[in-house]
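Reading through the structure tokens given below for one structure.
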Amino acid sequence: MENLKKKTFFTIFGLISLFAFIFAIFFNVQTYHKEYVEIVNNLTRMRNLTLDRHTLFDKEMLPISDEELHNRKVMDYEIYTFILNDHNSIVDQISHSDNSISDEILKKAESILKKNNTSKIKIGFLYVGNYAYNLNKNNSLTIIKITDTRNMLLFNLFISLFLIGLGEILIFMISKKITEWITKPVEMSFNREKEFVANASHELKTPLAVMMANIDCLEVTKKNEKWIHNLKNESDQMSNLITKLLDLSKSEYLKKENFTENDLSILIEKRVLTFESLAYEKNVTIKTNIEENIHFLCYKESMDELVTILMDNAISHAKENSEVKANLSSNKGEIKFEIINEGEPILESEYEKIFERFYRSDKSHNRKSGRYGLGLSIAKNIVEAHNGIIKAYSKDGYTVFESKFKKMNINQK
């Protein structure tokens with residue numbers, strides 16, 4: 001259920017955030033493009049005016065004189081024209097704004113003429129540039145000061161990012177509300193299912209116990225021995241299933257308020273050692289590599305059950321005369337617990353499925369051995385209740401069940 005909520009939340013949050021980012025990008029790109037085109041148009045317009053002042057006509061179809069060119073003003077931009085002779089040297093300077101030509105602008109013009117021998121338009125990246133220019137060799141050089149444009153674009157970009165930052169808080173709250181609204185029916189159904197499993201298991205446990213007691217009291221004769229044996233067998237199977245269902249229900253209701261700090265090293269080592277007799281019966285050797293003094297905030301009974309499930313599973317599926325390894329280590333605030341056995345590998349397509357309820361890769365074998373495909377599902381619930389992750393994989397003839405936990409202290413309950 002928690003995974004569903006997380007996936008739903010991050011999907012909604014991601015989509016709304018993506019839309020906000022796309023809108024911000026679109027706004028800034030449009031503004032940038034508009035300013036860029038405006039600069040190009042101004043540079044081109046001034047180039048056309050100075051290309052041939054004696055033959056070119058303006059909109060009124062009158063020749064543009066040198067005096068008119070000097071008086072031509074442009075709003076919103078600082079534009080300067082430098083008339084050039086046949087040697088590409090400056091012979092006249094014109095300011096098309098209210099600002100006079102400063103030494104800075106003059107030095108910029110001289111620098112452009114010194115570095116360039118061909119006609120070209122140079123605008124550059126508006127977010128970092130100070131000047132744009134249009135050079136017509138041996139005719140004119142037009143320079144536009146784009147500092148104000150740059151500052152305006154940077155201000156728009158900053159405001160967009162600032163609004164997105166504030167918007168993310170609002171998006172987070174909206175996504176949370178929408179997630180709760182979407183997942184509420186699913187959560188209610190899921191909780192009802194868990195309650196049904198728990199209640200049904202409890203209700204079945206008592207009559208089953210009475211039936212098993214009565215079966216034990218029945219007089220066994222040659223005539224009914226077979227039938228009583230079958231009843232006893234199936235009752236045991238049902239009792240085992242009900243116990244597993246109750247364990248599954250408990251594993252789904254673990255609360256962090258009940259967690260206490262435990263020495264995980266001692267806890268796991270003690271539990272692993274209890275499987276030596278079972279391993280001996282299966283001709284399997286148990287080897288441990290457990291780092292000492294690893295303390296972990298957990299529910300002790302559940303961690304015992306986790307080790308029990310994984311060890312029982314590993315020994316049951318191990319090859320004869322092979323080893324089952326139990327490893328525990330801690331590194332950079334992360335605890336890693338591994339159970340490794342040598343046996344029939346898990347298919348890659350089943351890496352996730354084996355943790356599903358009632359999933360059994362070999363149904364006939366598991367039925368005979370009293371397995372119902374609930375153990376690994378319980379193990380997964382326990383690990384996730386402790387903010388951990390569990391995975392299984394097979395490699396080089398070995399099967400590994402790996403659980404990872406982040407270290408927690410009392411204040412993190």
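Chain identifiers are assigned as A, B, and so on, following the order in which chains appear in the structure tokens; residues are numbered from 1 within each chain, and ligands are numbered from 1 in order of appearance.
By chain and then residue number, the residues within 12 Å of A:Phe172 are Phe9, Phe10, Thr11, Ile12, Phe13, Gly14, Leu15, Ile16, Ser17, Ile164, Gly165, Leu166, Gly167, Glu168, Ile169, Leu170, Ile174, Ser175, Lys176, Lys177, Ile178 and Thr179 of chain A, counting only C-alpha atoms and disregarding those fewer than 2 positions away in sequence.
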Enumerate the residues of stretch 132-354 of chain A with a DSSP assignment of strand (DSSP E), computed from the backbone, and present them as a PDB file with N, CA and C atoms, in the first residue's frame.
ATOM      1  N   ALA A 132      26.062  43.650 -29.162  1.00  0.00           N
ATOM      2  CA  ALA A 132      25.838  42.943 -30.424  1.00  0.00           C
ATOM      3  C   ALA A 132      26.211  43.923 -31.534  1.00  0.00           C
ATOM      4  N   TYR A 133      26.666  43.413 -32.656  1.00  0.00           N
ATOM      5  CA  TYR A 133      27.080  44.357 -33.712  1.00  0.00           C
ATOM      6  C   TYR A 133      26.841  43.778 -35.096  1.00  0.00           C
ATOM      7  N   ASN A 134      26.818  44.700 -36.078  1.00  0.00           N
ATOM      8  CA  ASN A 134      26.693  44.349 -37.488  1.00  0.00           C
ATOM      9  C   ASN A 134      27.783  45.117 -38.235  1.00  0.00           C
ATOM     10  N   LEU A 135      28.745  44.402 -38.773  1.00  0.00           N
ATOM     11  CA  LEU A 135      29.869  45.027 -39.471  1.00  0.00           C
ATOM     12  C   LEU A 135      29.692  44.897 -40.983  1.00  0.00           C
ATOM     13  N   ASN A 136      29.675  46.051 -41.671  1.00  0.00           N
ATOM     14  CA  ASN A 136      29.692  46.075 -43.136  1.00  0.00           C
ATOM     15  C   ASN A 136      31.041  46.642 -43.547  1.00  0.00           C
ATOM     16  N   SER A 140      30.129  50.562 -42.773  1.00  0.00           N
ATOM     17  CA  SER A 140      29.634  50.991 -41.457  1.00  0.00           C
ATOM     18  C   SER A 140      29.737  49.855 -40.438  1.00  0.00           C
ATOM     19  N   LEU A 141      29.697  50.245 -39.175  1.00  0.00           N
ATOM     20  CA  LEU A 141      29.641  49.305 -38.050  1.00  0.00           C
ATOM     21  C   LEU A 141      28.546  49.789 -37.107  1.00  0.00           C
ATOM     22  N   THR A 142      27.579  48.917 -36.860  1.00  0.00           N
ATOM     23  CA  THR A 142      26.486  49.249 -35.925  1.00  0.00           C
ATOM     24  C   THR A 142      26.650  48.413 -34.662  1.00  0.00           C
ATOM     25  N   ILE A 143      26.641  49.075 -33.518  1.00  0.00           N
ATOM     26  CA  ILE A 143      26.777  48.387 -32.221  1.00  0.00           C
ATOM     27  C   ILE A 143      25.537  48.668 -31.384  1.00  0.00           C
ATOM     28  N   ILE A 144      24.970  47.596 -30.809  1.00  0.00           N
ATOM     29  CA  ILE A 144      23.843  47.740 -29.879  1.00  0.00           C
ATOM     30  C   ILE A 144      24.308  47.295 -28.496  1.00  0.00           C
ATOM     31  N   LYS A 145      24.098  48.131 -27.528  1.00  0.00           N
ATOM     32  CA  LYS A 145      24.412  47.754 -26.156  1.00  0.00           C
ATOM     33  C   LYS A 145      23.225  46.970 -25.600  1.00  0.00           C
ATOM     34  N   THR A 260      12.500  -1.400  19.412  1.00  0.00           N
ATOM     35  CA  THR A 260      13.514  -1.157  20.453  1.00  0.00           C
ATOM     36  C   THR A 260      14.900  -1.400  19.849  1.00  0.00           C
ATOM     37  N   GLU A 261      15.909  -0.843  20.489  1.00  0.00           N
ATOM     38  CA  GLU A 261      17.268  -1.028  19.977  1.00  0.00           C
ATOM     39  C   GLU A 261      17.785  -2.404  20.410  1.00  0.00           C
ATOM     40  N   ASN A 262      18.238  -3.185  19.426  1.00  0.00           N
ATOM     41  CA  ASN A 262      18.729  -4.544  19.676  1.00  0.00           C
ATOM     42  C   ASN A 262      20.093  -4.745  19.035  1.00  0.00           C
ATOM     43  N   ASP A 263      20.838  -5.673  19.646  1.00  0.00           N
ATOM     44  CA  ASP A 263      22.111  -6.070  19.043  1.00  0.00           C
ATOM     45  C   ASP A 263      21.789  -7.082  17.943  1.00  0.00           C
ATOM     46  N   THR A 285      25.879 -27.582   5.380  1.00  0.00           N
ATOM     47  CA  THR A 285      26.721 -26.909   6.378  1.00  0.00           C
ATOM     48  C   THR A 285      26.363 -25.434   6.457  1.00  0.00           C
ATOM     49  N   ILE A 286      26.277 -24.927   7.680  1.00  0.00           N
ATOM     50  CA  ILE A 286      25.974 -23.495   7.871  1.00  0.00           C
ATOM     51  C   ILE A 286      27.267 -22.749   8.197  1.00  0.00           C
ATOM     52  N   LYS A 287      27.529 -21.676   7.489  1.00  0.00           N
ATOM     53  CA  LYS A 287      28.686 -20.823   7.756  1.00  0.00           C
ATOM     54  C   LYS A 287      28.203 -19.393   7.983  1.00  0.00           C
ATOM     55  N   THR A 288      28.776 -18.748   8.980  1.00  0.00           N
ATOM     56  CA  THR A 288      28.368 -17.366   9.294  1.00  0.00           C
ATOM     57  C   THR A 288      29.539 -16.404   9.181  1.00  0.00           C
ATOM     58  N   ASN A 289      29.244 -15.224   8.733  1.00  0.00           N
ATOM     59  CA  ASN A 289      30.215 -14.128   8.701  1.00  0.00           C
ATOM     60  C   ASN A 289      29.488 -12.895   9.208  1.00  0.00           C
ATOM     61  N   ILE A 290      29.398 -12.787  10.532  1.00  0.00           N
ATOM     62  CA  ILE A 290      28.572 -11.765  11.178  1.00  0.00           C
ATOM     63  C   ILE A 290      29.453 -10.739  11.890  1.00  0.00           C
ATOM     64  N   HIS A 295      24.071  -2.535  16.104  1.00  0.00           N
ATOM     65  CA  HIS A 295      22.830  -2.234  16.828  1.00  0.00           C
ATOM     66  C   HIS A 295      21.812  -1.632  15.865  1.00  0.00           C
ATOM     67  N   PHE A 296      20.564  -2.044  16.046  1.00  0.00           N
ATOM     68  CA  PHE A 296      19.518  -1.638  15.095  1.00  0.00           C
ATOM     69  C   PHE A 296      18.193  -1.473  15.826  1.00  0.00           C
ATOM     70  N   LEU A 297      17.478  -0.420  15.459  1.00  0.00           N
ATOM     71  CA  LEU A 297      16.158  -0.161  16.035  1.00  0.00           C
ATOM     72  C   LEU A 297      15.138  -1.015  15.289  1.00  0.00           C
ATOM     73  N   CYS A 298      14.570  -2.013  15.970  1.00  0.00           N
ATOM     74  CA  CYS A 298      13.696  -2.957  15.274  1.00  0.00           C
ATOM     75  C   CYS A 298      12.711  -3.625  16.239  1.00  0.00           C
ATOM     76  N   GLU A 323      26.784 -25.549   1.166  1.00  0.00           N
ATOM     77  CA  GLU A 323      26.851 -24.615   2.290  1.00  0.00           C
ATOM     78  C   GLU A 323      25.724 -23.581   2.202  1.00  0.00           C
ATOM     79  N   VAL A 324      25.252 -23.173   3.373  1.00  0.00           N
ATOM     80  CA  VAL A 324      24.354 -22.021   3.481  1.00  0.00           C
ATOM     81  C   VAL A 324      25.084 -20.966   4.297  1.00  0.00           C
ATOM     82  N   LYS A 325      25.233 -19.783   3.717  1.00  0.00           N
ATOM     83  CA  LYS A 325      26.002 -18.719   4.377  1.00  0.00           C
ATOM     84  C   LYS A 325      25.065 -17.628   4.887  1.00  0.00           C
ATOM     85  N   ALA A 326      25.371 -17.172   6.087  1.00  0.00           N
ATOM     86  CA  ALA A 326      24.637 -16.035   6.671  1.00  0.00           C
ATOM     87  C   ALA A 326      25.638 -14.915   6.929  1.00  0.00           C
ATOM     88  N   ASN A 327      25.482 -13.802   6.236  1.00  0.00           N
ATOM     89  CA  ASN A 327      26.412 -12.674   6.349  1.00  0.00           C
ATOM     90  C   ASN A 327      25.696 -11.439   6.887  1.00  0.00           C
ATOM     91  N   LEU A 328      26.371 -10.742   7.781  1.00  0.00           N
ATOM     92  CA  LEU A 328      25.842  -9.479   8.311  1.00  0.00           C
ATOM     93  C   LEU A 328      26.980  -8.476   8.372  1.00  0.00           C
ATOM     94  N   SER A 329      26.774  -7.318   7.768  1.00  0.00           N
ATOM     95  CA  SER A 329      27.812  -6.284   7.765  1.00  0.00           C
ATOM     96  C   SER A 329      27.176  -4.904   7.820  1.00  0.00           C
ATOM     97  N   SER A 330      27.991  -3.928   8.194  1.00  0.00           N
ATOM     98  CA  SER A 330      27.525  -2.543   8.287  1.00  0.00           C
ATOM     99  C   SER A 330      28.535  -1.644   7.607  1.00  0.00           C
ATOM    100  N   ASN A 331      28.038  -0.712   6.784  1.00  0.00           N
ATOM    101  CA  ASN A 331      28.938   0.184   6.073  1.00  0.00           C
ATOM    102  C   ASN A 331      28.232   1.510   5.779  1.00  0.00           C
ATOM    103  N   GLU A 334      24.567   1.841   6.624  1.00  0.00           N
ATOM    104  CA  GLU A 334      23.681   0.854   6.015  1.00  0.00           C
ATOM    105  C   GLU A 334      24.034  -0.543   6.519  1.00  0.00           C
ATOM    106  N   ILE A 335      23.008  -1.302   6.863  1.00  0.00           N
ATOM    107  CA  ILE A 335      23.193  -2.676   7.348  1.00  0.00           C
ATOM    108  C   ILE A 335      22.770  -3.624   6.228  1.00  0.00           C
ATOM    109  N   LYS A 336      23.643  -4.601   5.946  1.00  0.00           N
ATOM    110  CA  LYS A 336      23.334  -5.581   4.900  1.00  0.00           C
ATOM    111  C   LYS A 336      23.320  -6.984   5.494  1.00  0.00           C
ATOM    112  N   PHE A 337      22.198  -7.673   5.280  1.00  0.00           N
ATOM    113  CA  PHE A 337      22.020  -9.037   5.773  1.00  0.00           C
ATOM    114  C   PHE A 337      21.769  -9.950   4.573  1.00  0.00           C
ATOM    115  N   GLU A 338      22.609 -10.986   4.428  1.00  0.00           N
ATOM    116  CA  GLU A 338      22.519 -11.884   3.283  1.00  0.00           C
ATOM    117  C   GLU A 338      22.398 -13.338   3.729  1.00  0.00           C
ATOM    118  N   ILE A 339      21.548 -14.065   3.042  1.00  0.00           N
ATOM    119  CA  ILE A 339      21.482 -15.519   3.175  1.00  0.00           C
ATOM    120  C   ILE A 339      21.763 -16.088   1.786  1.00  0.00           C
ATOM    121  N   ILE A 340      22.806 -16.922   1.706  1.00  0.00           N
ATOM    122  CA  ILE A 340      23.257 -17.438   0.404  1.00  0.00           C
ATOM    123  C   ILE A 340      23.262 -18.965   0.446  1.00  0.00           C
ATOM    124  N   ASN A 341      22.702 -19.565  -0.596  1.00  0.00           N
ATOM    125  CA  ASN A 341      22.757 -21.024  -0.689  1.00  0.00           C
ATOM    126  C   ASN A 341      23.109 -21.446  -2.110  1.00  0.00           C
ATOM    127  N   GLU A 342      23.537 -22.676  -2.220  1.00  0.00           N
ATOM    128  CA  GLU A 342      23.867 -23.243  -3.524  1.00  0.00           C
ATOM    129  C   GLU A 342      22.785 -24.257  -3.875  1.00  0.00           C
TER     130      GLU A 342
END
Polymer residues at most 12 Å from A:Ser322, only C-alpha atoms, same-chain spacing of 4 or more positions, as a list of chain:residue names: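 Here the answer would be A:Ala279, A:Tyr280, A:Lys282, A:Asn283, A:Val284, A:Thr285, A:Ile286, A:Lys287, A:Ala314, A:Ile315, A:Ser316, A:His317, A:Ala318, A:Ile340, A:Asn341, A:Glu342, A:Gly343, A:Glu344, A:Gly397, A:Tyr398.
Scanning stretch 302-352 of chain A with DSSP on the backbone, the helix (DSSP H, G or I) assignments fall on A:Ser302, A:Met303, A:Asp304, A:Glu305, A:Leu306, A:Val307, A:Thr308, A:Ile309, A:Leu310, A:Met311, A:Asp312, A:Asn313, A:Ala314, A:Ile315, A:Ser316, A:Glu348, A:Ser349, A:Glu350.
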Nearest-residue call for A:Asn151, choices A:Gly129, A:Ile25, A:Glu234, A:Lys380, using only C-alpha atoms: A:Gly129
Non-local contacts of A:His386 (9 Å; only C-alpha atoms; under 5 positions in same chain excluded) as number ranges by chain: A: 254, 256, 297-299, 381, 405-406
Contact residues around A:Arg150 with only C-alpha atoms at 10 Å, ignoring same-chain residues under 6 positions, as a PyMOL selection string: chain A and resi 32+35+125-131+156
